[in-house]
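What's in input.json: JSON, C-alpha atoms and all ligand atoms
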```
[["chain", "number", "residue", "atom", "x", "y", "z"],
["A", 211, "MET", "CA", 0.00, 0.00, 0.00],
["A", 212, "LEU", "CA", 1.45, 3.33, -1.08],
["A", 213, "MET", "CA", -0.38, 5.52, 1.39],
["A", 214, "GLU", "CA", -2.84, 5.01, 4.21],
["A", 215, "VAL", "CA", -4.79, 7.96, 5.50],
["A", 216, "ASP", "CA", -7.42, 8.37, 8.19],
["A", 217, "VAL", "CA", -7.58, 11.96, 9.40],
["A", 218, "GLU", "CA", -10.02, 14.51, 10.73],
["A", 219, "LYS", "CA", -9.93, 18.30, 11.03],
["A", 220, "ASN", "CA", -12.63, 20.45, 12.54],
["A", 221, "PHE", "CA", -12.81, 24.15, 11.63],
["A", 222, "GLY", "CA", -16.06, 24.72, 13.57],
["A", 223, "ASP", "CA", -18.41, 25.32, 10.64],
["A", 224, "PHE", "CA", -16.46, 22.93, 8.39],
["A", 225, "GLN", "CA", -15.36, 19.37, 9.06],
["A", 226, "CYS", "CA", -12.91, 17.41, 6.95],
["A", 227, "ARG", "CA", -12.83, 13.63, 7.42],
["A", 228, "ALA", "CA", -10.75, 11.64, 4.98],
["A", 229, "ALA", "CA", -10.10, 7.92, 5.13],
["A", 230, "PHE", "CA", -8.56, 6.12, 2.15],
["A", 231, "SER", "CA", -5.76, 3.85, 0.96],
["A", 232, "LEU", "CA", -3.75, 4.79, -2.09],
["A", 233, "ARG", "CA", -2.88, 1.97, -4.46],
["A", 234, "THR", "CA", -2.25, 3.67, -7.82],
["A", 235, "GLU", "CA", 0.57, 6.08, -8.65],
["A", 236, "LYS", "CA", -1.65, 8.52, -10.52],
["A", 237, "CYS", "CA", -4.53, 9.39, -8.25],
["A", 238, "GLY", "CA", -6.76, 12.44, -8.32],
["A", 239, "VAL", "CA", -8.68, 14.30, -5.64],
["A", 240, "PHE", "CA", -11.76, 15.68, -7.37],
["A", 241, "GLY", "CA", -14.38, 17.93, -5.86],
["A", 242, "PRO", "CA", -15.97, 21.37, -6.09],
["A", 243, "SER", "CA", -14.43, 24.49, -4.62],
["A", 244, "GLY", "CA", -14.73, 24.46, -0.81],
["A", 245, "SER", "CA", -15.06, 20.67, -0.53],
["A", 246, "GLY", "CA", -11.87, 20.35, 1.53],
["A", 247, "LYS", "CA", -9.26, 19.32, -1.06],
["A", 248, "SER", "CA", -6.61, 21.82, 0.04],
["A", 249, "THR", "CA", -7.33, 21.10, 3.71],
["A", 250, "LEU", "CA", -6.58, 17.42, 3.06],
["A", 251, "MET", "CA", -3.47, 18.29, 1.07],
["A", 252, "HIS", "CA", -2.11, 20.51, 3.86],
["A", 253, "MET", "CA", -2.63, 17.72, 6.40],
["A", 254, "LEU", "CA", -0.75, 15.21, 4.23],
["A", 255, "ALA", "CA", 2.13, 17.63, 3.63],
["A", 256, "GLY", "CA", 2.46, 18.46, 7.35],
["A", 257, "LEU", "CA", 1.34, 22.08, 6.91],
["A", 258, "LEU", "CA", -1.82, 21.58, 9.00],
["A", 259, "GLU", "CA", -2.11, 19.31, 12.02],
["A", 260, "PRO", "CA", -5.13, 16.96, 12.00],
["A", 261, "ASP", "CA", -7.26, 16.80, 15.17],
["A", 262, "ARG", "CA", -6.98, 13.04, 15.11],
["A", 263, "GLY", "CA", -5.83, 10.18, 12.92],
["A", 264, "VAL", "CA", -2.96, 8.47, 11.15],
["A", 265, "ILE", "CA", -0.98, 9.09, 7.93],
["A", 266, "LYS", "CA", 1.40, 6.45, 6.58],
["A", 267, "LEU", "CA", 3.52, 6.66, 3.44],
["A", 268, "ASN", "CA", 5.27, 3.49, 2.19],
["A", 269, "GLY", "CA", 4.75, 1.96, 5.63],
["A", 270, "VAL", "CA", 6.39, 4.92, 7.43],
["A", 271, "THR", "CA", 4.20, 6.71, 9.96],
["A", 272, "LEU", "CA", 4.19, 10.45, 9.20],
["A", 273, "PHE", "CA", 1.46, 11.30, 11.66],
["A", 274, "ASP", "CA", -0.18, 9.42, 14.50],
["A", 275, "ARG", "CA", -2.01, 11.57, 17.00],
["A", 276, "GLN", "CA", -2.31, 8.89, 19.68],
["A", 277, "ALA", "CA", 1.35, 7.85, 19.39],
["A", 278, "GLY", "CA", 2.43, 11.50, 19.41],
["A", 279, "ILE", "CA", 4.11, 11.28, 15.97],
["A", 280, "ASN", "CA", 4.01, 14.37, 13.73],
["A", 281, "LEU", "CA", 6.89, 14.57, 11.26],
["A", 282, "PRO", "CA", 7.63, 18.13, 10.04],
["A", 283, "PRO", "CA", 7.06, 18.84, 6.30],
["A", 284, "GLU", "CA", 10.76, 18.56, 5.38],
["A", 285, "ALA", "CA", 11.01, 15.09, 6.96],
["A", 286, "ARG", "CA", 7.95, 13.69, 5.12],
["A", 287, "ARG", "CA", 9.54, 13.58, 1.65],
["A", 288, "ILE", "CA", 6.29, 14.85, 0.13],
["A", 289, "GLY", "CA", 6.65, 17.43, -2.62],
["A", 290, "VAL", "CA", 3.99, 20.08, -3.16],
["A", 291, "VAL", "CA", 3.11, 22.18, -6.19],
["A", 292, "PHE", "CA", 0.55, 24.92, -5.62],
["A", 293, "GLN", "CA", -1.74, 26.82, -7.99],
["A", 294, "HIS", "CA", 0.74, 29.68, -8.19],
["A", 295, "ALA", "CA", 4.40, 28.71, -8.33],
["A", 296, "HIS", "CA", 6.27, 29.78, -5.19],
["A", 297, "LEU", "CA", 9.71, 30.34, -6.71],
["A", 298, "PHE", "CA", 12.59, 32.21, -5.10],
["A", 299, "PRO", "CA", 12.53, 35.59, -6.89],
["A", 300, "HIS", "CA", 16.20, 36.46, -6.22],
["A", 301, "MET", "CA", 17.50, 33.23, -7.80],
["A", 302, "SER", "CA", 17.92, 32.17, -11.42],
["A", 303, "VAL", "CA", 15.80, 29.38, -12.87],
["A", 304, "LYS", "CA", 18.76, 27.00, -12.55],
["A", 305, "LYS", "CA", 19.28, 27.80, -8.85],
["A", 306, "ASN", "CA", 15.57, 27.39, -8.22],
["A", 307, "LEU", "CA", 15.61, 23.99, -9.95],
["A", 308, "LEU", "CA", 18.59, 22.68, -7.99],
["A", 309, "TYR", "CA", 17.51, 24.10, -4.62],
["A", 310, "GLY", "CA", 15.74, 21.01, -3.26],
["A", 311, "MET", "CA", 18.18, 18.55, -4.79],
["A", 312, "ASN", "CA", 21.12, 20.19, -3.03],
["A", 313, "ARG", "CA", 19.38, 19.67, 0.28],
["A", 314, "ILE", "CA", 19.03, 15.89, 0.13],
["A", 315, "PRO", "CA", 21.87, 13.38, 0.62],
["A", 316, "THR", "CA", 23.80, 12.58, -2.59],
["A", 317, "VAL", "CA", 22.83, 8.89, -2.45],
["A", 318, "GLU", "CA", 19.16, 9.82, -2.59],
["A", 319, "ARG", "CA", 19.49, 11.94, -5.74],
["A", 320, "SER", "CA", 17.87, 9.47, -8.11],
["A", 321, "ILE", "CA", 16.77, 11.94, -10.77],
["A", 322, "ASN", "CA", 19.04, 13.20, -13.52],
["A", 323, "PRO", "CA", 18.62, 17.01, -13.71],
["A", 324, "GLU", "CA", 19.54, 17.18, -17.43],
["A", 325, "GLN", "CA", 16.93, 14.60, -18.33],
["A", 326, "LEU", "CA", 14.25, 16.43, -16.37],
["A", 327, "ILE", "CA", 15.25, 19.84, -17.78],
["A", 328, "ASN", "CA", 14.99, 18.32, -21.24],
["A", 329, "ILE", "CA", 11.52, 16.87, -20.64],
["A", 330, "LEU", "CA", 10.23, 20.12, -19.17],
["A", 331, "GLN", "CA", 11.88, 22.07, -22.02],
["A", 332, "VAL", "CA", 13.38, 24.73, -19.79],
["A", 333, "GLU", "CA", 17.04, 24.60, -21.07],
["A", 334, "HIS", "CA", 16.78, 28.02, -22.68],
["A", 335, "LEU", "CA", 15.47, 29.54, -19.43],
["A", 336, "LEU", "CA", 18.18, 28.32, -17.03],
["A", 337, "ASP", "CA", 20.01, 31.65, -16.62],
["A", 338, "ARG", "CA", 16.87, 33.75, -16.52],
["A", 339, "ARG", "CA", 15.50, 35.44, -13.40],
["A", 340, "VAL", "CA", 12.18, 33.93, -12.39],
["A", 341, "SER", "CA", 10.46, 37.35, -12.61],
["A", 342, "LYS", "CA", 10.97, 37.13, -16.40],
["A", 343, "LEU", "CA", 8.97, 33.89, -16.81],
["A", 344, "SER", "CA", 5.44, 33.36, -18.10],
["A", 345, "GLY", "CA", 2.87, 31.58, -15.93],
["A", 346, "GLY", "CA", 3.33, 28.26, -17.75],
["A", 347, "GLU", "CA", 7.13, 28.49, -17.52],
["A", 348, "ARG", "CA", 6.91, 29.23, -13.79],
["A", 349, "GLN", "CA", 4.78, 26.12, -13.24],
["A", 350, "ARG", "CA", 7.23, 23.96, -15.19],
["A", 351, "VAL", "CA", 10.13, 25.28, -13.08],
["A", 352, "ALA", "CA", 8.15, 24.75, -9.85],
["A", 353, "LEU", "CA", 7.40, 21.17, -10.86],
["A", 354, "GLY", "CA", 11.04, 20.57, -11.80],
["A", 355, "ARG", "CA", 12.29, 21.92, -8.48],
["A", 356, "THR", "CA", 9.85, 19.71, -6.56],
["A", 357, "ILE", "CA", 10.78, 16.59, -8.54],
["A", 358, "LEU", "CA", 14.54, 17.11, -8.20],
["A", 359, "ALA", "CA", 14.13, 16.90, -4.41],
["A", 360, "CYS", "CA", 13.21, 13.23, -5.11],
["A", 361, "PRO", "CA", 10.00, 13.11, -3.07],
["A", 362, "HIS", "CA", 8.26, 9.82, -2.34],
["A", 363, "LEU", "CA", 4.94, 11.46, -3.25],
["A", 364, "ILE", "CA", 3.97, 14.69, -5.04],
["A", 365, "LEU", "CA", 0.85, 16.66, -4.20],
["A", 366, "LEU", "CA", -0.32, 19.01, -6.95],
["A", 367, "ASP", "CA", -2.99, 21.42, -5.71],
["A", 368, "GLU", "CA", -4.84, 22.78, -8.76],
["A", 369, "PRO", "CA", -1.52, 23.40, -10.55],
["A", 370, "LEU", "CA", -3.25, 24.37, -13.81],
["A", 371, "SER", "CA", -6.07, 26.54, -12.46],
["A", 372, "GLY", "CA", -4.04, 29.74, -12.67],
["A", 373, "LEU", "CA", -3.26, 29.22, -16.38],
["A", 374, "ASP", "CA", -5.49, 30.19, -19.29],
["A", 375, "GLY", "CA", -6.98, 27.52, -21.56],
["A", 376, "THR", "CA", -4.28, 27.26, -24.21],
["A", 377, "LEU", "CA", -1.38, 27.30, -21.74],
["A", 378, "LYS", "CA", -3.07, 24.65, -19.65],
["A", 379, "TYR", "CA", -3.22, 22.24, -22.57],
["A", 380, "GLN", "CA", 0.37, 23.01, -23.51],
["A", 381, "ILE", "CA", 1.64, 22.06, -20.06],
["A", 382, "ILE", "CA", -0.30, 18.81, -19.65],
["A", 383, "PRO", "CA", 1.91, 16.76, -22.03],
["A", 384, "HIS", "CA", 4.98, 17.87, -20.02],
["A", 385, "LEU", "CA", 3.32, 16.79, -16.79],
["A", 386, "ARG", "CA", 2.34, 13.43, -18.26],
["A", 387, "ARG", "CA", 5.81, 12.77, -19.62],
["A", 388, "VAL", "CA", 7.48, 13.64, -16.30],
["A", 389, "PHE", "CA", 5.28, 11.26, -14.34],
["A", 390, "ALA", "CA", 5.61, 8.50, -16.94],
["A", 391, "GLU", "CA", 9.41, 8.85, -17.09],
["A", 392, "PHE", "CA", 10.18, 9.03, -13.38],
["A", 393, "SER", "CA", 7.20, 7.11, -11.95],
["A", 394, "ILE", "CA", 6.78, 9.32, -8.91],
["A", 395, "PRO", "CA", 3.43, 8.72, -7.18],
["A", 396, "MET", "CA", 1.18, 11.75, -7.21],
["A", 397, "LEU", "CA", -2.06, 13.09, -5.86],
["A", 398, "PHE", "CA", -3.47, 15.49, -8.43],
["A", 399, "ILE", "CA", -6.01, 17.87, -6.93],
["A", 400, "SER", "CA", -8.49, 19.61, -9.21],
["A", 401, "HIS", "CA", -12.13, 20.58, -9.72],
["A", 402, "SER", "CA", -11.74, 20.05, -13.48],
["A", 403, "LEU", "CA", -12.99, 16.76, -14.87],
["A", 404, "GLN", "CA", -10.99, 17.19, -18.07],
["A", 405, "GLU", "CA", -7.77, 17.51, -16.08],
["A", 406, "MET", "CA", -8.70, 14.42, -14.05],
["A", 407, "ARG", "CA", -9.20, 12.41, -17.22],
["A", 408, "MET", "CA", -5.88, 13.49, -18.66],
["A", 409, "MET", "CA", -3.76, 13.13, -15.53],
["A", 410, "THR", "CA", -5.10, 10.30, -13.35],
["A", 411, "ASP", "CA", -6.04, 6.61, -13.35],
["A", 412, "GLU", "CA", -8.05, 6.67, -10.15],
["A", 413, "VAL", "CA", -10.01, 9.38, -8.37],
["A", 414, "LEU", "CA", -11.00, 10.18, -4.81],
["A", 415, "ILE", "CA", -14.22, 12.15, -4.97],
["A", 416, "MET", "CA", -14.51, 14.75, -2.23],
["A", 417, "GLU", "CA", -17.73, 16.42, -1.18],
["A", 418, "HIS", "CA", -18.50, 18.48, 1.94],
["A", 419, "GLY", "CA", -15.21, 17.50, 3.56],
["A", 420, "LEU", "CA", -15.65, 13.76, 3.00],
["A", 421, "ILE", "CA", -14.11, 11.28, 0.59],
["A", 422, "GLU", "CA", -17.35, 10.01, -0.93],
["A", 423, "LYS", "CA", -15.93, 7.48, -3.39],
["A", 424, "GLN", "CA", -12.75, 6.02, -4.79],
["A", 425, "ILE", "CA", -13.24, 4.98, -8.43],
["A", 426, "PRO", "CA", -11.31, 4.47, -11.67],
["A", 427, "THR", "CA", -11.15, 7.79, -13.56],
["A", 428, "ASP", "CA", -12.96, 6.15, -16.50],
["A", 429, "GLU", "CA", -16.04, 5.83, -14.32],
["A", 430, "LEU", "CA", -16.39, 9.55, -13.61],
["A", 431, "ALA", "CA", -19.82, 10.29, -15.07],
["A", 432, "PRO", "CA", -20.10, 12.59, -18.11],
["A", 433, "THR", "CA", -22.78, 14.49, -16.19],
["A", 434, "ARG", "CA", -19.99, 15.82, -13.97],
["A", 435, "MET", "CA", -18.31, 17.37, -17.00],
["A", 436, "ASP", "CA", -17.21, 20.94, -16.44],
["A", 437, "ASN", "CA", -17.99, 21.90, -20.05],
["A", 438, "GLY", "CA", -21.72, 22.22, -19.55],
["A", 439, "GLY", "CA", -22.58, 18.54, -19.84],
["A", 440, "ARG", "CA", -21.80, 18.28, -23.55],
["A", 441, "GLY", "CA", -20.09, 14.94, -22.95],
["A", 442, "TYR", "CA", -16.50, 13.80, -23.18],
["A", 443, "THR", "CA", -13.78, 15.58, -25.11],
["A", 444, "ASN", "CA", -11.65, 13.31, -27.28],
["A", 445, "GLN", "CA", -7.99, 14.26, -27.30],
["A", 446, "LEU", "CA", -7.08, 12.80, -30.71],
["A", 447, "ASN", "CA", -4.08, 13.87, -32.71],
["A", 448, "LEU", "CA", -5.58, 14.16, -36.19],
["A", 449, "GLU", "CA", -2.25, 15.04, -37.82],
["A", 450, "ALA", "CA", -1.22, 11.43, -37.34],
["A", 451, "ILE", "CA", -4.28, 10.26, -39.23],
["A", 452, "PHE", "CA", -4.45, 12.67, -42.20],
["B", 1, "LIG", "P1", -11.02, 23.33, -1.58],
["B", 1, "LIG", "O1", -9.52, 23.25, -1.65],
["B", 1, "LIG", "O2", -11.69, 22.05, -1.95],
["B", 1, "LIG", "O3", -11.55, 24.48, -2.35],
["B", 1, "LIG", "P2", -10.54, 24.05, 1.19],
["B", 1, "LIG", "O4", -9.91, 22.88, 1.82],
["B", 1, "LIG", "O5", -9.66, 25.19, 0.83],
["B", 1, "LIG", "O6", -11.42, 23.59, -0.05],
["B", 1, "LIG", "O7", -11.65, 24.63, 2.17],
["B", 1, "LIG", "C1", -12.69, 23.83, 2.70],
["B", 1, "LIG", "C2", -13.43, 24.60, 3.77],
["B", 1, "LIG", "O8", -12.58, 24.75, 4.90],
["B", 1, "LIG", "C3", -13.86, 25.99, 3.35],
["B", 1, "LIG", "O9", -15.17, 26.20, 3.83],
["B", 1, "LIG", "C4", -12.87, 26.89, 4.04],
["B", 1, "LIG", "O10", -13.46, 28.12, 4.34],
["B", 1, "LIG", "C5", -12.54, 26.10, 5.30],
["B", 1, "LIG", "N1", -11.18, 26.40, 5.80],
["B", 1, "LIG", "C6", -10.03, 26.13, 5.14],
["B", 1, "LIG", "N2", -8.96, 26.49, 5.88],
["B", 1, "LIG", "C7", -9.45, 27.01, 7.04],
["B", 1, "LIG", "C8", -8.87, 27.56, 8.23],
["B", 1, "LIG", "N3", -7.56, 27.64, 8.39],
["B", 1, "LIG", "N4", -9.71, 27.99, 9.20],
["B", 1, "LIG", "C9", -11.06, 27.89, 9.07],
["B", 1, "LIG", "N5", -11.67, 27.38, 7.98],
["B", 1, "LIG", "C10", -10.90, 26.94, 6.97],
["B", 2, "MG", "MG", -8.14, 24.39, -2.79]]
```
Would you write out, as structure tokens, the structure that this file holds?
Ligand code: ADP
Ligand code: MG
Amino acid sequence: MLMEVDVEKNFGDFQCRAAFSLRTEKCGVFGPSGSGKSTLMHMLAGLLEPDRGVIKLNGVTLFDRQAGINLPPEARRIGVVFQHAHLFPHMSVKKNLLYGMNRIPTVERSINPEQLINILQVEHLLDRRVSKLSGGERQRVALGRTILACPHLILLDEPLSGLDGTLKYQIIPHLRRVFAEFSIPMLFISHSLQEMRMMTDEVLIMEHGLIEKQIPTDELAPTRMDNGGRGYTNQLNLEAIF
């Protein structure tokens, strides 16, 4: 079992209760705005302490309220990518990319930076200041920096929501290639059904602070489509056909 989670957080007027086991490497957390997705993500990453419960990753206990275990974020080996890239503004793209990698022991550096830089297509940006990047470029650098720290799990909290339509669809192939190439388990958080279908194999459906269901992504009903219920969108490359 990749991850086992059973946690609870009470904000007074909002309660988050999430219990699930993660088996697949490409899992989504899908739910409307305000359903508790980010609350769950912060608990997993160690940024918010649950009121009760247990979190285990690869058999290692990250949090256990009763046993008094609460590993700090940097000891959890969980990478996070937020909606807006939090890059270091005073550093070049290259320094941002290598920041996390330089902070883990050499023996644990399992990812080749050149290979990743190539997949993310950021070679030409390496010497640039991050203030000179577009939104899509910033997200690619943020993802690269997170991956080079060789996390055991990556949490992506609506990483595409801040990008406009075209940019979003340009970045998805990069994301897919990175996760295919390096097989890093991820939890991909989004309220977009199209993103879920393109990025995940399995989905945790969150509603009103609860994980309602855990189903294969293929079984997400077309009625949940975020394009007005017009049905599925086929992502076919017609150039290859004509
Ligand atoms: P989502 O990411 O699915 O949009 P969130 O986890 O951000 O949802 O928020 C779920 C609910 O929890 C919201 O009603 C929000 O107002 C509430 N909430 C989130 N963080 C806090 C907090 N620190 N204190 C009180 N309420 C919070
Ligand atoms: Mg959120």
Atom CA of Gly354 of chain A sits from atom CA of Phe389 of chain A at a separation of 11.2 Å
Closest atom pairs, segment 338-409 of chain A residues within 8 Å of segment 306-321 of chain A, only C-alpha atoms, as a Markdown table:
```
| residue | atom | partner | partner_atom | distance |
| --- | --- | --- | --- | --- |
| A:Val351 | CA | A:Leu307 | CA | 6.4 |
| A:Ala352 | CA | A:Leu307 | CA | 7.5 |
| A:Gly354 | CA | A:Leu307 | CA | 6.0 |
| A:Arg355 | CA | A:Leu307 | CA | 4.2 |
| A:Thr356 | CA | A:Gly310 | CA | 6.9 |
| A:Ile357 | CA | A:Ile321 | CA | 7.9 |
| A:Leu358 | CA | A:Met311 | CA | 5.2 |
| A:Ala359 | CA | A:Met311 | CA | 4.4 |
| A:Cys360 | CA | A:Arg319 | CA | 6.4 |
| A:Phe392 | CA | A:Ile321 | CA | 7.7 |
```
Keeping only C-alpha atoms, write the selected residues as a short mmCIF file (atom, residue, chain, number, x, y, z; two decimals), in the coordinates of the input.
```cif
data_model
loop_
_atom_site.label_atom_id
_atom_site.label_comp_id
_atom_site.auth_asym_id
_atom_site.auth_seq_id
_atom_site.Cartn_x
_atom_site.Cartn_y
_atom_site.Cartn_z
CA VAL A 351 10.13 25.28 -13.08
CA ALA A 352 8.15 24.75 -9.85
CA GLY A 354 11.04 20.57 -11.80
CA ARG A 355 12.29 21.92 -8.48
CA THR A 356 9.85 19.71 -6.56
CA ILE A 357 10.78 16.59 -8.54
CA LEU A 358 14.54 17.11 -8.20
CA ALA A 359 14.13 16.90 -4.41
CA CYS A 360 13.21 13.23 -5.11
CA PHE A 392 10.18 9.03 -13.38
#
```
Between A:Pro395, A:Pro383, A:Pro361, A:Gly244, which one has atoms that come closest to Leu212 of chain A, using all atoms listed in the file? A:Pro395
Taking only C-alpha atoms into account, name the residue in A:Gln331, A:Glu417, A:Leu397, A:Leu343 that is nearest to Ile381 of chain A. A:Gln331
Which centre and which edge lengths, in Å to one decimal, describe the axis-aligned box that holds all listed atoms of segment 353-366 of chain A after 3 Å is added on each side, as JSON?
```
{"center_x": 7.1, "center_y": 15.9, "center_z": -7.1, "size_x": 20.9, "size_y": 18.1, "size_z": 15.5}
```
Could you pull the residues within 10 Å of segment 246-259 of chain A, counting all atoms listed in the file, minus those fewer than 2 positions along the same chain, as a ChimeraX atom specification? /A:215,217-219,224-228,239-244,261-267,272-273,275,280-290,292,363-368,397-401,415-421
Nearest residue to Ala390 of chain A out of A:Thr410, A:Gln424, A:Ser371, A:Thr376, using all atoms listed in the file? A:Thr410
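Across A:Gly346, A:Val388, A:Leu373, A:Val303, the tightest approach to His334 of chain A is made by A:Val303 when counting only C-alpha atoms.
The closest residue to ligand LIG 1 (chain B), picked from A:Pro260, A:Gly278, A:Phe221, A:Lys423 and counting only C-alpha atoms and all ligand atoms, is A:Phe221.
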Given only C-alpha atoms and all ligand atoms as the basis, pick out the residue of A:Gln404, A:Asn220, A:Thr271, A:Ser245 nearest to ligand MG 2 (chain B). A:Ser245
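Going from atom CA of Ala295 of chain A over to atom CA of Pro369 of chain A, you cover 8.3 Å.
The coordinates place atom CA of Arg407 of chain A at 15.6 Å from atom CA of Gln380 of chain A.
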Quick one: everything within 8 Å of Pro299 of chain A, counting all atoms listed in the file, minus sequence neighbours fewer than 5 positions away in the same chain. Send it as a VMD selection string. chain A and resid 339 to 341
